[in-house]
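Enquirer: Enclosed is the structure file protein-v8.cif (mmCIF, C-alpha atoms).
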```
data_run
loop_
_atom_site.group_PDB
_atom_site.id
_atom_site.type_symbol
_atom_site.label_atom_id
_atom_site.label_comp_id
_atom_site.auth_asym_id
_atom_site.auth_seq_id
_atom_site.Cartn_x
_atom_site.Cartn_y
_atom_site.Cartn_z
ATOM 1 C CA GLY F 266 88.513 106.221 92.090
ATOM 2 C CA VAL F 267 92.136 107.280 91.633
ATOM 3 C CA PRO F 268 91.697 108.864 88.161
ATOM 4 C CA GLU F 269 88.707 110.817 89.463
ATOM 5 C CA ALA F 270 90.675 111.966 92.510
ATOM 6 C CA VAL F 271 93.619 113.052 90.353
ATOM 7 C CA GLU F 272 91.259 114.982 88.083
ATOM 8 C CA ALA F 273 89.469 116.639 91.017
ATOM 9 C CA ALA F 274 92.793 117.703 92.548
ATOM 10 C CA ALA F 275 94.271 118.971 89.266
ATOM 11 C CA ASP F 276 93.873 122.700 89.961
ATOM 12 C CA THR F 277 94.375 122.521 93.720
ATOM 13 C CA ARG F 278 97.248 122.138 96.152
ATOM 14 C CA VAL F 279 96.059 118.629 96.982
ATOM 15 C CA ARG F 280 98.450 115.843 96.022
ATOM 16 C CA VAL F 281 96.765 112.550 95.301
ATOM 17 C CA VAL F 282 98.794 109.516 96.351
ATOM 18 C CA PRO F 283 97.532 106.423 94.523
ATOM 19 C CA GLY F 284 97.516 103.467 96.852
ATOM 20 C CA VAL F 285 96.399 99.950 97.509
ATOM 21 C CA GLU F 286 96.116 97.664 100.551
ATOM 22 C CA ILE F 287 96.673 93.968 99.995
ATOM 23 C CA SER F 288 95.766 91.318 102.569
ATOM 24 C CA THR F 289 98.428 88.645 102.827
ATOM 25 C CA GLU F 290 99.192 85.658 104.997
ATOM 26 C CA VAL F 291 102.302 83.723 105.958
ATOM 27 C CA ASN F 292 102.746 81.069 108.655
ATOM 28 C CA GLY F 293 99.233 81.754 109.961
ATOM 29 C CA LEU F 294 99.921 85.472 110.376
ATOM 30 C CA GLU F 295 97.822 87.965 108.444
ATOM 31 C CA ALA F 296 99.724 91.024 107.275
ATOM 32 C CA HIS F 297 98.370 93.933 105.274
ATOM 33 C CA ILE F 298 100.753 95.507 102.797
ATOM 34 C CA LEU F 299 100.106 99.076 101.695
ATOM 35 C CA GLY F 300 101.367 100.265 98.346
ATOM 36 C CA TYR F 301 101.814 104.030 98.009
ATOM 37 C CA PHE F 302 102.479 105.829 94.713
ATOM 38 C CA VAL F 303 101.554 102.756 92.650
ATOM 39 C CA ASP F 304 101.050 103.121 88.913
ATOM 40 C CA CYS F 305 97.322 102.476 88.676
ATOM 41 C CA GLY F 306 97.760 101.657 85.009
ATOM 42 C CA SER F 307 100.065 98.715 85.733
ATOM 43 C CA GLN F 308 98.544 95.743 83.907
ATOM 44 C CA ASP F 309 100.015 93.269 86.391
ATOM 45 C CA LEU F 310 98.581 95.205 89.327
ATOM 46 C CA LEU F 311 95.184 95.601 87.651
ATOM 47 C CA ALA F 312 95.055 91.887 86.795
ATOM 48 C CA ALA F 313 95.969 90.896 90.367
ATOM 49 C CA LEU F 314 93.377 93.250 91.868
ATOM 50 C CA SER F 315 90.762 91.846 89.491
ATOM 51 C CA ARG F 316 91.594 88.312 90.651
ATOM 52 C CA PHE F 317 91.341 89.441 94.283
ATOM 53 C CA ARG F 318 87.902 91.026 93.652
ATOM 54 C CA ASP F 319 86.691 87.883 91.878
ATOM 55 C CA SER F 320 87.826 85.683 94.773
ATOM 56 C CA ARG F 321 86.065 87.986 97.248
ATOM 57 C CA LEU F 322 82.799 87.620 95.329
ATOM 58 C CA GLU F 323 83.152 83.834 95.241
ATOM 59 C CA ARG F 324 83.800 83.864 98.986
ATOM 60 C CA ILE F 325 80.628 85.888 99.607
ATOM 61 C CA LYS F 326 78.613 83.405 97.550
ATOM 62 C CA VAL F 327 79.850 80.547 99.754
ATOM 63 C CA ILE F 328 79.118 82.558 102.918
ATOM 64 C CA LEU F 329 75.585 83.245 101.688
ATOM 65 C CA ALA F 330 75.101 79.542 100.903
ATOM 66 C CA ARG F 331 76.186 78.654 104.446
ATOM 67 C CA LEU F 332 73.813 81.244 105.901
ATOM 68 C CA THR F 333 70.983 79.879 103.737
ATOM 69 C CA ALA F 334 71.699 76.379 105.076
ATOM 70 C CA LEU F 335 71.307 77.880 108.564
ATOM 71 C CA GLY F 336 67.903 79.315 107.600
ATOM 72 C CA LEU F 337 69.204 82.852 107.049
ATOM 73 C CA ALA F 338 68.809 83.410 103.301
ATOM 74 C CA LEU F 339 70.075 86.730 101.960
ATOM 75 C CA PRO F 340 70.027 87.810 98.323
ATOM 76 C CA LEU F 341 73.458 88.301 96.753
ATOM 77 C CA GLN F 342 72.100 91.333 94.913
ATOM 78 C CA ARG F 343 71.359 93.129 98.196
ATOM 79 C CA VAL F 344 74.835 92.429 99.565
ATOM 80 C CA GLN F 345 76.320 93.757 96.308
ATOM 81 C CA GLU F 346 74.151 96.906 96.566
ATOM 82 C CA ILE F 347 75.445 97.503 100.090
ATOM 83 C CA ALA F 348 79.044 96.998 98.921
ATOM 84 C CA GLY F 349 78.620 99.408 96.012
ATOM 85 C CA PRO F 350 81.510 99.652 93.572
ATOM 86 C CA GLY F 351 84.120 98.746 96.183
ATOM 87 C CA ALA F 352 85.413 95.341 97.207
ATOM 88 C CA ILE F 353 82.698 93.143 98.681
ATOM 89 C CA GLY F 354 83.273 91.590 102.090
ATOM 90 C CA ARG F 355 81.827 90.226 105.293
ATOM 91 C CA PRO F 356 80.903 93.682 106.650
ATOM 92 C CA HIS F 357 78.416 94.009 103.786
ATOM 93 C CA VAL F 358 76.898 90.631 104.646
ATOM 94 C CA ALA F 359 76.662 91.730 108.288
ATOM 95 C CA LYS F 360 74.802 94.893 107.295
ATOM 96 C CA ALA F 361 72.383 92.845 105.175
ATOM 97 C CA MET F 362 71.842 90.510 108.138
ATOM 98 C CA VAL F 363 70.929 93.465 110.362
ATOM 99 C CA GLU F 364 68.557 94.820 107.681
ATOM 100 C CA ALA F 365 66.886 91.401 107.424
ATOM 101 C CA HIS F 366 66.529 91.289 111.236
ATOM 102 C CA PHE F 367 68.549 88.073 111.456
ATOM 103 C CA VAL F 368 70.757 89.788 114.028
ATOM 104 C CA THR F 369 70.410 92.979 116.021
ATOM 105 C CA SER F 370 73.878 94.364 115.351
ATOM 106 C CA PHE F 371 76.921 94.207 113.155
ATOM 107 C CA GLN F 372 78.867 92.791 116.106
ATOM 108 C CA GLU F 373 76.313 90.024 116.636
ATOM 109 C CA ALA F 374 76.588 89.018 112.970
ATOM 110 C CA PHE F 375 80.319 88.465 113.401
ATOM 111 C CA GLN F 376 80.092 86.893 116.860
ATOM 112 C CA ARG F 377 77.422 84.370 115.870
ATOM 113 C CA TYR F 378 77.966 83.719 112.160
ATOM 114 C CA LEU F 379 80.707 85.537 110.239
ATOM 115 C CA GLY F 380 83.729 85.617 112.539
ATOM 116 C CA ARG F 381 86.591 83.147 112.388
ATOM 117 C CA ASP F 382 85.462 79.683 113.549
ATOM 118 C CA ARG F 383 81.784 80.662 113.234
ATOM 119 C CA PRO F 384 79.369 78.594 111.091
ATOM 120 C CA ALA F 385 79.321 80.880 108.020
ATOM 121 C CA TYR F 386 82.994 81.859 108.092
ATOM 122 C CA VAL F 387 84.913 81.197 104.899
ATOM 123 C CA PRO F 388 88.634 82.000 104.776
ATOM 124 C CA ARG F 389 89.704 84.298 101.984
ATOM 125 C CA PRO F 390 92.480 83.169 99.688
ATOM 126 C CA LYS F 391 95.501 85.376 100.315
ATOM 127 C CA ILE F 392 98.850 85.869 98.698
ATOM 128 C CA THR F 393 102.094 85.965 100.623
ATOM 129 C CA PRO F 394 103.582 89.261 101.821
ATOM 130 C CA THR F 395 106.534 88.652 99.495
ATOM 131 C CA ASP F 396 104.209 88.372 96.496
ATOM 132 C CA ALA F 397 102.464 91.606 97.517
ATOM 133 C CA LEU F 398 105.820 93.392 97.892
ATOM 134 C CA CYS F 399 106.842 92.267 94.418
ATOM 135 C CA LEU F 400 103.517 93.326 92.922
ATOM 136 C CA ILE F 401 103.697 96.784 94.509
ATOM 137 C CA ARG F 402 107.364 97.327 93.620
ATOM 138 C CA ALA F 403 106.725 96.211 90.013
ATOM 139 C CA ALA F 404 103.951 98.852 89.844
ATOM 140 C CA GLY F 405 106.444 101.525 90.955
ATOM 141 C CA GLY F 406 105.010 101.679 94.463
ATOM 142 C CA VAL F 407 106.431 101.979 97.942
ATOM 143 C CA PRO F 408 105.447 98.927 100.052
ATOM 144 C CA VAL F 409 104.630 99.620 103.694
ATOM 145 C CA LEU F 410 103.510 97.179 106.394
ATOM 146 C CA ALA F 411 100.142 98.310 107.762
ATOM 147 C CA HIS F 412 99.346 98.158 111.505
ATOM 148 C CA PRO F 413 102.475 96.068 112.130
ATOM 149 C CA TRP F 414 102.409 95.688 115.924
ATOM 150 C CA ARG F 415 101.290 92.030 115.964
ATOM 151 C CA VAL F 416 103.472 90.969 113.045
ATOM 152 C CA THR F 417 106.847 92.543 113.881
ATOM 153 C CA SER F 418 108.352 89.040 113.728
ATOM 154 C CA LEU F 419 107.953 89.251 109.940
ATOM 155 C CA LEU F 420 110.043 92.409 109.615
ATOM 156 C CA PRO F 421 113.542 91.001 109.018
ATOM 157 C CA ASP F 422 112.348 88.842 106.126
ATOM 158 C CA LEU F 423 110.085 91.533 104.656
ATOM 159 C CA VAL F 424 112.798 94.189 104.813
ATOM 160 C CA ALA F 425 115.185 91.818 103.056
ATOM 161 C CA LYS F 426 112.559 91.328 100.351
ATOM 162 C CA GLY F 427 111.889 95.027 99.732
ATOM 163 C CA LEU F 428 109.631 96.414 102.463
ATOM 164 C CA MET F 429 110.228 100.164 102.596
ATOM 165 C CA GLY F 430 108.207 101.375 105.577
ATOM 166 C CA LEU F 431 105.961 100.801 108.583
ATOM 167 C CA GLU F 432 102.643 102.340 109.478
ATOM 168 C CA THR F 433 103.502 103.630 112.933
ATOM 169 C CA TYR F 434 100.500 105.813 113.752
ATOM 170 C CA TYR F 435 97.437 103.595 113.968
ATOM 171 C CA ASN F 436 94.164 103.947 115.855
ATOM 172 C CA GLY F 437 94.503 102.316 119.254
ATOM 173 C CA TYR F 438 98.287 102.228 119.354
ATOM 174 C CA SER F 439 99.689 103.577 122.607
ATOM 175 C CA PRO F 440 102.474 106.179 122.607
ATOM 176 C CA GLY F 441 104.829 103.384 123.704
ATOM 177 C CA VAL F 442 103.929 101.191 120.736
ATOM 178 C CA ILE F 443 104.211 104.140 118.367
ATOM 179 C CA GLY F 444 107.623 105.026 119.795
ATOM 180 C CA TYR F 445 108.834 101.461 119.414
ATOM 181 C CA LEU F 446 107.618 101.268 115.813
ATOM 182 C CA LEU F 447 109.215 104.628 115.003
ATOM 183 C CA GLU F 448 112.528 103.271 116.293
ATOM 184 C CA LEU F 449 112.197 100.196 114.103
#
```
When written as structure tokens, how does the structure in this file appear?

Expert:
Amino acid sequence: GVPEAVEAAADTRVRVVPGVEISTEVNGLEAHILGYFVDCGSQDLLAALSRFRDSRLERIKVILARLTALGLALPLQRVQEIAGPGAIGRPHVAKAMVEAHFVTSFQEAFQRYLGRDRPAYVPRPKITPTDALCLIRAAGGVPVLAHPWRVTSLLPDLVAKGLMGLETYYNGYSPGVIGYLLEL
């Protein structure tokens, strides 16, 4: 949607900042790396994002197979319709489960079936934070660690490898946490 956003903002005072969020993992810690001002035409970035989307779809197929084995068959096509043109994920499966009356709520879908250590959970392949930093920097972007409070132990290594910022204002962060992150 970035080209469309740039076009829509062309004759306005709105500045479109192309961005990406990449889920990563290292030493059992999940870290999300934001990339601001990325060149959305970067072939390396586009190829990596395509691989990520493909792996997400394969993951959903395995999740649906596990649900079917549990007697909760959902059509892939419906989950894809719910996801629309964006990246497909477990929230779309949860919504389909509610629609099919397999569960009464989104939360129940995750608590009983889709959450970590639940019967239909399938881990998503992730790249390392370092790989995400390199990908974002190579695309001319500014890499920023998203919602960093639980992964501050990663900061020294990530800064040494090119991290350029922290998301300090995040829903649910107390003023004390925000102040600490601003100091970092």

Enquirer: Starting from the displayed file, determine the output of the PyMOL selection byres ((chain F and resi 398-405) around 7) and express the residue list as number ranges by chain.

Expert: F: 300, 302-304, 307, 310, 394-397, 406-408, 427-428

Enquirer: When distances are computed from all atoms listed in the file, which of F:Ile347, F:Leu419, F:Val409, F:Ala352 shows the smallest separation from Glu290 (chain F)?

Expert: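 Comparing F:Ile347, F:Leu419, F:Val409, F:Ala352 against Glu290 (chain F), the winner is F:Leu419.
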
Enquirer: So that I can check the surroundings of Tyr445 (chain F), please list as a PyMOL selection string every protein, DNA and RNA residue that reaches within 12 Å of it, counting only C-alpha atoms and ignoring chain neighbours fewer than 4 positions away.

Expert: chain F and resi 413-414+417+431-434+438-441+449

Enquirer: Please compute the CA of Arg318 (chain F)-CA of Ala275 (chain F) distance, one decimal, in Å.

Expert: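 Computing it gives 29.0 Å between the two atoms.
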
Enquirer: What does the distance between CA of Arg324 (chain F) and CA of Lys360 (chain F) come to in Å, to one decimal place?

Expert: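 CA of Lys360 (chain F) lies at a distance of 16.5 Å from CA of Arg324 (chain F).
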
Enquirer: May I have the residues within 12 Å of Arg389 (chain F) as a PyMOL selection string, using all atoms listed in the file and disregarding those fewer than 3 positions away in the same chain?

Expert: chain F and resi 288-290+295+317-328+353-355+381+386+392

Enquirer: Find the distance between CA of Val344 (chain F) and CA of Tyr301 (chain F) and write it in Å to one decimal.

Expert: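 Between these atoms lies a distance of 29.4 Å.
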
Enquirer: Pick from F:Phe371, F:Pro268, F:Gly293, F:Gly351: nearest to Pro388 (chain F), with all atoms listed in the file counted?

Expert: F:Gly293

Enquirer: I'd like to know which of F:Val442, F:Leu420, F:Ala274, F:Leu339 is closest to Val358 (chain F), using all atoms listed in the file.

Expert: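 Of all the options, F:Leu339 lies closest to Val358 (chain F).
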
Enquirer: List the residues matched by the PyMOL selection byres ((chain F and resi 361) around 12) in the displayed structure as a ChimeraX atom specification, ordered by chain and then by residue number.

Expert: /F:329,332,337-348,354-360,362-371,374
